Amino acid sequence: MPYVTVKMLPGRTDDQKRALVAKVTDAVSETTGAPKEAVVVFIEEMQKEHYGVAGVRASDK
């Protein structure tokens, strides 16, 4: 059973998240041969205070 975790900053709509889960599920199923019913997708929204790039937190931009 494949497990996929998508980490991203908040701000996407429910429709965007729904589409993301569907497309990730399709991609994993197609590439691994796992049935879609066995693919689990987690979406983790990270707080901007807990994420940084090039030494700068996203919340400080």
# chains A, B, ... in the order shown; residues from 1 in each chain; ligands from 1
>>> residues_around(residues="Lys36 of chain A", least_positions_apart="5", cutoff="7 Å", atoms="only C-alpha atoms", output="compact mmCIF listing (two decimals) with N, CA and C atoms, in the first residue's frame")
# COMPACT_ATOMS: atom_id res chain seq x y z
N THR A 25 -3.01 10.21 -6.67
CA THR A 25 -3.48 8.83 -6.62
C THR A 25 -3.36 8.17 -7.99
N ASP A 26 -3.80 8.86 -9.02
CA ASP A 26 -3.71 8.32 -10.38
C ASP A 26 -2.25 8.05 -10.76
N SER A 29 -0.79 5.08 -8.80
CA SER A 29 -1.40 3.84 -9.27
C SER A 29 -0.83 3.43 -10.62
>>> select_by_dssp(residues="segment 9-56 of chain A", states="strand (DSSP E)", output="PyMOL selection string")
chain A and resi 40-45+52-53+56
>>> residues_around(residues="segment 7-9 of chain A", least_positions_apart="5", cutoff="10 Å", atoms="only C-alpha atoms", output="list of chain:residue names")
A:Phe42, A:Ile43, A:Glu44, A:Glu45, A:Met46, A:Gln47, A:Lys48, A:His50, A:Tyr51, A:Ala58
>>> closest_residue(among="A:Pro10, A:Thr5, A:Val41, A:Ala34", to="Ala22 of chain A", atoms="only C-alpha atoms")
A:Val41
>>> select_by_dssp(residues="segment 5-46 of chain A", states="helix (DSSP H, G or I)", output="PyMOL selection string")
chain A and resi 14-32+36-38
>>> residues_around(residues="Ser59 of chain A", least_positions_apart="2", cutoff="6 Å", atoms="only C-alpha atoms", output="mmCIF file with C-alpha atoms, in the first residue's frame")
data_model
loop_
_atom_site.group_PDB
_atom_site.id
_atom_site.type_symbol
_atom_site.label_atom_id
_atom_site.label_comp_id
_atom_site.auth_asym_id
_atom_site.auth_seq_id
_atom_site.Cartn_x
_atom_site.Cartn_y
_atom_site.Cartn_z
ATOM 1 C CA LYS A 48 4.911 29.677 7.382
ATOM 2 C CA GLU A 49 6.784 30.161 10.646
ATOM 3 C CA ARG A 57 11.377 31.922 6.930
ATOM 4 C CA LYS A 61 8.877 37.489 3.437
#
